[in-house]
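**Student:** Hey, dropping final-v3.tsv in here, TSV, C-alpha atoms:
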```tsv
chain	number	residue	atom	x	y	z
A	1	MET	CA	79.64	-17.19	44.67
A	2	SER	CA	77.88	-19.85	46.58
A	3	LYS	CA	78.60	-23.51	46.05
A	4	LYS	CA	75.07	-23.97	44.77
A	5	ASN	CA	75.52	-21.35	42.06
A	6	LEU	CA	78.94	-22.69	41.16
A	7	GLY	CA	77.55	-26.17	40.62
A	8	LYS	CA	74.79	-24.89	38.42
A	9	SER	CA	77.28	-22.91	36.32
A	10	ASN	CA	79.36	-26.01	35.81
A	11	GLU	CA	76.26	-27.93	34.64
A	12	ILE	CA	75.45	-25.22	32.09
A	13	GLU	CA	79.00	-25.26	30.77
A	14	GLN	CA	78.86	-29.03	30.42
A	15	GLU	CA	75.59	-28.80	28.51
A	16	ILE	CA	77.13	-26.23	26.15
A	17	VAL	CA	80.09	-28.55	25.55
A	18	ASP	CA	77.72	-31.45	24.84
A	19	VAL	CA	75.67	-29.35	22.41
A	20	ASN	CA	78.81	-28.23	20.57
A	21	TYR	CA	79.95	-31.83	20.34
A	22	GLN	CA	76.60	-32.95	18.94
A	23	ILE	CA	76.72	-30.14	16.36
A	24	GLU	CA	80.21	-31.19	15.30
A	25	GLU	CA	79.07	-34.81	15.04
A	26	ALA	CA	76.09	-33.77	12.98
A	27	ASP	CA	78.30	-31.74	10.68
A	28	THR	CA	80.60	-34.70	10.08
A	29	GLU	CA	77.78	-37.26	9.50
A	30	THR	CA	75.53	-35.16	7.26
A	31	PRO	CA	77.70	-35.24	4.07
A	32	PRO	CA	77.83	-39.04	3.97
A	33	LYS	CA	74.06	-39.18	4.39
A	34	ALA	CA	73.66	-36.65	1.61
A	35	ASP	CA	76.05	-38.64	-0.61
A	36	ASN	CA	74.10	-41.82	0.03
A	37	LYS	CA	70.88	-40.11	-0.92
A	38	LYS	CA	72.49	-38.71	-4.07
A	39	ALA	CA	73.87	-42.13	-4.97
A	40	LEU	CA	70.45	-43.68	-4.42
A	41	ASN	CA	68.82	-41.06	-6.60
A	42	SER	CA	71.56	-41.57	-9.21
A	43	GLY	CA	70.97	-45.34	-9.19
A	44	LEU	CA	67.25	-44.91	-9.65
A	45	THR	CA	67.81	-42.46	-12.50
A	46	GLU	CA	70.23	-44.86	-14.26
A	47	ASP	CA	67.82	-47.79	-13.96
A	48	THR	CA	64.98	-45.64	-15.20
A	49	THR	CA	67.03	-44.46	-18.18
A	50	LYS	CA	67.94	-48.04	-19.11
A	51	LYS	CA	64.30	-49.08	-19.03
A	52	GLU	CA	63.31	-46.11	-21.14
A	53	LEU	CA	66.03	-46.89	-23.66
A	54	PHE	CA	65.02	-50.55	-23.72
A	55	ASN	CA	61.39	-49.63	-24.32
A	56	GLU	CA	62.42	-47.22	-27.09
A	57	LEU	CA	64.54	-49.94	-28.70
A	58	LYS	CA	61.60	-52.32	-28.54
A	59	GLN	CA	59.43	-49.76	-30.29
A	60	VAL	CA	62.07	-49.14	-32.93
A	61	TYR	CA	62.45	-52.90	-33.47
A	62	LYS	CA	58.69	-53.30	-33.91
A	63	GLN	CA	58.66	-50.46	-36.41
A	64	LEU	CA	61.52	-52.09	-38.30
A	65	GLU	CA	59.62	-55.39	-38.37
A	66	LYS	CA	56.59	-53.63	-39.83
A	67	LYS	CA	58.75	-51.87	-42.41
A	68	ASP	CA	60.38	-55.19	-43.25
A	69	GLU	CA	56.97	-56.82	-43.77
A	70	GLN	CA	55.87	-53.93	-45.95
A	71	TYR	CA	59.06	-54.17	-47.97
A	72	ASN	CA	58.61	-57.94	-48.45
A	73	LYS	CA	55.03	-57.43	-49.63
A	74	ILE	CA	56.06	-54.70	-52.06
A	75	HIS	CA	59.04	-56.77	-53.24
A	76	LYS	CA	56.81	-59.80	-53.90
A	77	ARG	CA	54.34	-57.64	-55.80
A	78	TYR	CA	57.22	-56.22	-57.82
A	79	LEU	CA	58.53	-59.70	-58.65
A	80	ARG	CA	55.06	-60.86	-59.71
A	81	ALA	CA	54.59	-57.76	-61.85
A	82	LEU	CA	58.03	-58.27	-63.40
A	83	ALA	CA	57.26	-61.94	-64.14
A	84	ASP	CA	53.90	-60.99	-65.68
A	85	TYR	CA	55.58	-58.35	-67.81
A	86	GLU	CA	58.27	-60.77	-69.00
A	87	ASN	CA	55.62	-63.39	-69.84
A	88	LEU	CA	53.58	-60.78	-71.68
A	89	GLU	CA	56.67	-59.67	-73.58
A	90	LYS	CA	57.43	-63.29	-74.55
A	91	ARG	CA	53.84	-63.89	-75.66
A	92	THR	CA	53.87	-60.63	-77.61
A	93	LYS	CA	57.11	-61.57	-79.36
A	94	THR	CA	55.77	-65.06	-80.12
A	95	GLU	CA	52.50	-63.66	-81.43
A	96	ARG	CA	54.31	-61.05	-83.50
A	97	ALA	CA	56.59	-63.70	-84.98
A	98	ARG	CA	53.57	-65.90	-85.75
A	99	ILE	CA	51.75	-63.04	-87.49
A	100	VAL	CA	54.85	-62.13	-89.51
A	101	LYS	CA	55.36	-65.77	-90.42
A	102	GLN	CA	51.76	-66.16	-91.55
A	103	ALA	CA	51.98	-62.96	-93.56
A	104	ASN	CA	55.19	-64.19	-95.19
A	105	GLU	CA	53.61	-67.54	-95.97
A	106	ARG	CA	50.56	-65.89	-97.56
A	107	LEU	CA	52.82	-63.69	-99.66
A	108	LEU	CA	55.00	-66.62	-100.68
A	109	LEU	CA	51.94	-68.66	-101.61
A	110	LYS	CA	50.99	-65.89	-104.03
A	111	LEU	CA	54.53	-65.91	-105.39
A	112	VAL	CA	54.49	-69.66	-106.01
A	113	ASP	CA	51.15	-69.21	-107.80
A	114	LEU	CA	52.96	-66.68	-109.97
A	115	ALA	CA	55.73	-69.24	-110.39
A	116	ASP	CA	53.14	-71.57	-111.96
A	117	SER	CA	52.40	-68.92	-114.55
A	118	PHE	CA	56.12	-68.56	-115.29
A	119	GLU	CA	56.47	-72.31	-115.71
A	120	LYS	CA	53.51	-72.51	-118.11
A	121	ALA	CA	54.72	-69.52	-120.12
A	122	GLU	CA	58.21	-70.98	-120.42
A	123	ALA	CA	56.76	-74.31	-121.56
A	124	ILE	CA	54.89	-72.48	-124.31
A	125	LEU	CA	57.92	-70.43	-125.31
A	126	SER	CA	60.05	-73.54	-125.47
A	127	ILE	CA	58.06	-74.58	-128.53
A	128	LYS	CA	59.83	-73.10	-131.51
A	129	ASP	CA	57.68	-70.37	-132.92
A	130	PRO	CA	59.26	-68.20	-135.60
A	131	GLY	CA	56.74	-65.48	-134.80
A	132	ILE	CA	58.33	-64.92	-131.37
A	133	PRO	CA	61.64	-63.01	-131.47
A	134	SER	CA	64.52	-64.69	-129.68
A	135	SER	CA	65.15	-61.50	-127.72
A	136	VAL	CA	61.68	-61.82	-126.17
A	137	ILE	CA	62.33	-65.43	-125.17
A	138	GLU	CA	65.72	-64.57	-123.71
A	139	GLY	CA	64.27	-61.61	-121.80
A	140	PHE	CA	61.48	-63.75	-120.36
A	141	GLN	CA	63.94	-66.46	-119.34
A	142	ALA	CA	66.11	-63.86	-117.59
A	143	VAL	CA	63.10	-62.56	-115.63
A	144	HIS	CA	62.05	-66.12	-114.77
A	145	GLN	CA	65.54	-66.91	-113.52
A	146	GLN	CA	65.51	-63.77	-111.39
A	147	PHE	CA	62.15	-64.82	-109.92
A	148	LYS	CA	63.57	-68.26	-109.06
A	149	SER	CA	66.46	-66.55	-107.29
A	150	ILE	CA	63.99	-64.57	-105.16
A	151	LEU	CA	62.25	-67.79	-104.07
A	152	LYS	CA	65.59	-69.42	-103.34
A	153	ASN	CA	66.70	-66.51	-101.19
A	154	GLU	CA	63.46	-66.86	-99.22
A	155	GLU	CA	64.31	-70.55	-98.59
A	156	VAL	CA	61.51	-71.69	-100.92
A	157	LYS	CA	62.40	-74.95	-102.69
A	158	ARG	CA	60.62	-77.33	-105.02
A	159	ILE	CA	59.46	-80.64	-103.62
A	160	PRO	CA	60.96	-83.56	-105.58
A	161	ALA	CA	58.19	-85.44	-107.36
A	162	ILE	CA	58.57	-87.33	-110.66
A	163	GLY	CA	60.18	-90.73	-110.08
A	164	GLU	CA	59.82	-90.41	-106.28
A	165	MET	CA	57.60	-92.57	-104.12
A	166	PHE	CA	54.36	-90.96	-103.04
A	167	ASP	CA	54.58	-89.37	-99.58
A	168	PRO	CA	51.35	-87.98	-98.10
A	169	ASN	CA	53.40	-85.47	-96.12
A	170	PHE	CA	54.58	-83.80	-99.33
A	171	HIS	CA	52.32	-84.98	-102.14
A	172	GLU	CA	48.64	-84.90	-103.01
A	173	VAL	CA	47.27	-87.52	-105.40
A	174	VAL	CA	44.93	-86.13	-108.05
A	175	PHE	CA	44.94	-89.14	-110.37
A	176	VAL	CA	45.96	-92.81	-110.37
A	177	LYS	CA	47.35	-94.24	-113.60
A	178	PRO	CA	47.64	-97.96	-114.32
A	179	ASP	CA	51.22	-98.93	-115.12
A	180	PRO	CA	52.15	-102.60	-114.82
A	181	ASN	CA	55.81	-101.82	-115.39
A	182	THR	CA	56.10	-99.33	-112.50
A	183	GLU	CA	56.04	-99.93	-108.79
A	184	ASP	CA	52.87	-98.90	-107.00
A	185	ASP	CA	52.74	-95.31	-105.71
A	186	THR	CA	55.56	-94.13	-107.92
A	187	ILE	CA	54.94	-90.57	-109.06
A	188	LEU	CA	54.53	-90.48	-112.83
A	189	GLU	CA	53.50	-86.88	-113.41
A	190	GLU	CA	53.59	-83.54	-111.65
A	191	VAL	CA	50.28	-81.72	-112.10
A	192	GLN	CA	51.20	-78.78	-109.88
A	193	ILE	CA	54.63	-78.05	-108.44
A	194	GLY	CA	54.90	-78.19	-104.66
A	195	TYR	CA	57.19	-76.06	-102.52
A	196	LEU	CA	58.89	-76.20	-99.14
A	197	LEU	CA	59.48	-73.16	-96.94
A	198	ASN	CA	62.59	-74.18	-95.04
A	199	SER	CA	61.52	-77.71	-93.98
A	200	LYS	CA	57.79	-76.97	-93.85
A	201	VAL	CA	55.40	-77.70	-96.70
A	202	LEU	CA	54.28	-74.41	-98.18
A	203	ARG	CA	52.21	-76.13	-100.84
A	204	PRO	CA	52.04	-79.89	-101.51
A	205	THR	CA	52.78	-81.23	-104.97
A	206	LYS	CA	49.76	-82.48	-106.90
A	207	VAL	CA	50.76	-85.70	-108.61
A	208	VAL	CA	49.73	-88.69	-110.69
A	209	VAL	CA	50.83	-92.01	-109.21
A	210	ALA	CA	51.23	-95.45	-110.73
A	211	LYS	CA	49.22	-98.56	-109.86
A	212	THR	CA	49.97	-101.97	-111.25
A	213	LYS	CA	46.28	-102.85	-111.01
A	214	THR	CA	43.28	-100.55	-110.87
A	215	GLU	CA	40.20	-101.26	-108.76
A	216	ASP	CA	38.36	-102.56	-111.84
A	217	GLU	CA	41.15	-105.04	-112.62
A	218	LYS	CA	41.13	-106.33	-109.04
```
Translate the structure described by the file into structure tokens.

**Tutor:**
Amino acid sequence: MSKKNLGKSNEIEQEIVDVNYQIEEADTETPPKADNKKALNSGLTEDTTKKELFNELKQVYKQLEKKDEQYNKIHKRYLRALADYENLEKRTKTERARIVKQANERLLLKLVDLADSFEKAEAILSIKDPGIPSSVIEGFQAVHQQFKSILKNEEVKRIPAIGEMFDPNFHEVVFVKPDPNTEDDTILEEVQIGYLLNSKVLRPTKVVVAKTKTEDEK
């Protein structure tokens, strides 16, 4: 082989060695580059996922705020409705009690009118009359006593009158009688019995009061 051909062969062999070396270098450098790219992609994916989660949480939080506002509105409406119902219930109970009380008072007023009839009848029967059997008088007195017990059980009491001083809160003057020996406004007679229902006047007592001097004498 000539020297010229030998030199060229050596050059080709050197080029082959260089190419093989470059291939080996490429093989050793490629994995790190691939890993770097993967890591970069992984980092981008992680950041993107965090942002997506953050945005989702923001949406959930806004929805919760809206639900909370709706709940507060409904709760306030419920409280107002409950307060209105309780007030209505109180007013209904008060009104019912007032109606019952008025009905009781009207009934008791009729009973005290009946009591007047008992009082008058007993006054008549107290006069000795041989034509009236004692059994009738005793029977009437027993019924009258039972009627008084009914009024007492209902907290109905007579208003004190004769000998008391006139009180416009409990008495009603129907006549003024001159009496120089009695203090002015002393009750001399009881024309119609008055009654109290508990501490309230059910019916005032109609009375005759004393005056030391009449208007004519003045």

**Student:** Calculated over all atoms listed in the file, which of the candidates A:Pro178, A:Phe118, A:Ile74, A:Glu69 has the smallest distance to Ala142 in chain A?

**Tutor:**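 With all atoms listed in the file as the atom set, the closest residue is A:Phe118.
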
**Student:** What lies within 6 Å of Ala210 in chain A using only C-alpha atoms, ignoring chain neighbours under 6 positions off, as a list in words?

**Tutor:** Val176, Lys177, Pro178, Asp179, Asp184, Asp185 and Thr186 of chain A

**Student:** Grab the CA of Glu190 in chain A to CA of Arg203 in chain A distance for me, in Å with one decimal place.

**Tutor:**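 Between these atoms lies a distance of 13.2 Å.
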
**Student:** Looking at all atoms listed in the file, which of A:Asp84, A:Glu52, A:Glu122, A:Glu189 is the one that sits closest to Glu172 in chain A?

**Tutor:** A:Glu189

**Student:** Provide the CA of Glu164 in chain A to CA of Leu188 in chain A distance in Å, to one decimal place.

**Tutor:**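 Spanning CA of Glu164 in chain A to CA of Leu188 in chain A is a straight-line distance of 8.4 Å.
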
**Student:** Write out as a list in words the residues lying within 10 Å of His144 in chain A, counting all atoms listed in the file and excluding same-chain residues fewer than 4 positions away.

**Tutor:**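 Here the answer would be Ala115, Phe118, Glu119, Ala121, Glu122, Glu138, Gly139, Phe140, Lys148, Ser149 and Ile150 of chain A.
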
**Student:** Write out the residues from the selection above, keeping C-alpha atoms, as a PDB file, in the coordinates of the input.

**Tutor:**
```pdb
ATOM      1  CA  ALA A 115      55.730 -69.240-110.390  1.00  0.00           C
ATOM      2  CA  PHE A 118      56.120 -68.560-115.290  1.00  0.00           C
ATOM      3  CA  GLU A 119      56.470 -72.310-115.710  1.00  0.00           C
ATOM      4  CA  ALA A 121      54.720 -69.520-120.120  1.00  0.00           C
ATOM      5  CA  GLU A 122      58.210 -70.980-120.420  1.00  0.00           C
ATOM      6  CA  GLU A 138      65.720 -64.570-123.710  1.00  0.00           C
ATOM      7  CA  GLY A 139      64.270 -61.610-121.800  1.00  0.00           C
ATOM      8  CA  PHE A 140      61.480 -63.750-120.360  1.00  0.00           C
ATOM      9  CA  LYS A 148      63.570 -68.260-109.060  1.00  0.00           C
ATOM     10  CA  SER A 149      66.460 -66.550-107.290  1.00  0.00           C
ATOM     11  CA  ILE A 150      63.990 -64.570-105.160  1.00  0.00           C
TER      12      ILE A 150
END
```

**Student:** The residues within 12 Å of (57.0, -64.5, -96.8), using all atoms listed in the file and the coordinates of the file, should be reported as a list in words; which are they?

**Tutor:** Ala97, Arg98, Ile99, Val100, Lys101, Gln102, Ala103, Asn104, Glu105, Arg106, Leu107, Leu108, Leu109, Lys110, Leu111, Val112, Ile150, Leu151, Lys152, Asn153, Glu154, Glu155, Val156, Leu197, Asn198 and Leu202 of chain A

**Student:** Would you list the contacts of Val174 in chain A as a CSV table (one decimal) with C-alpha atoms, in the frame of the given file, taking every protein, DNA or RNA residue within 7 Å and counting all atoms listed in the file, but skipping same-chain residues closer than 5 positions in sequence?

**Tutor:**
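Written file, result07.csv:
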```
chain,number,residue,atom,x,y,z
A,206,LYS,CA,49.8,-82.5,-106.9
A,207,VAL,CA,50.8,-85.7,-108.6
A,208,VAL,CA,49.7,-88.7,-110.7
```

**Student:** CA of Thr182 in chain A and CA of Leu196 in chain A are how many Å apart?

**Tutor:**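 Straight-line distance from CA of Thr182 in chain A to CA of Leu196 in chain A works out to 26.9 Å.
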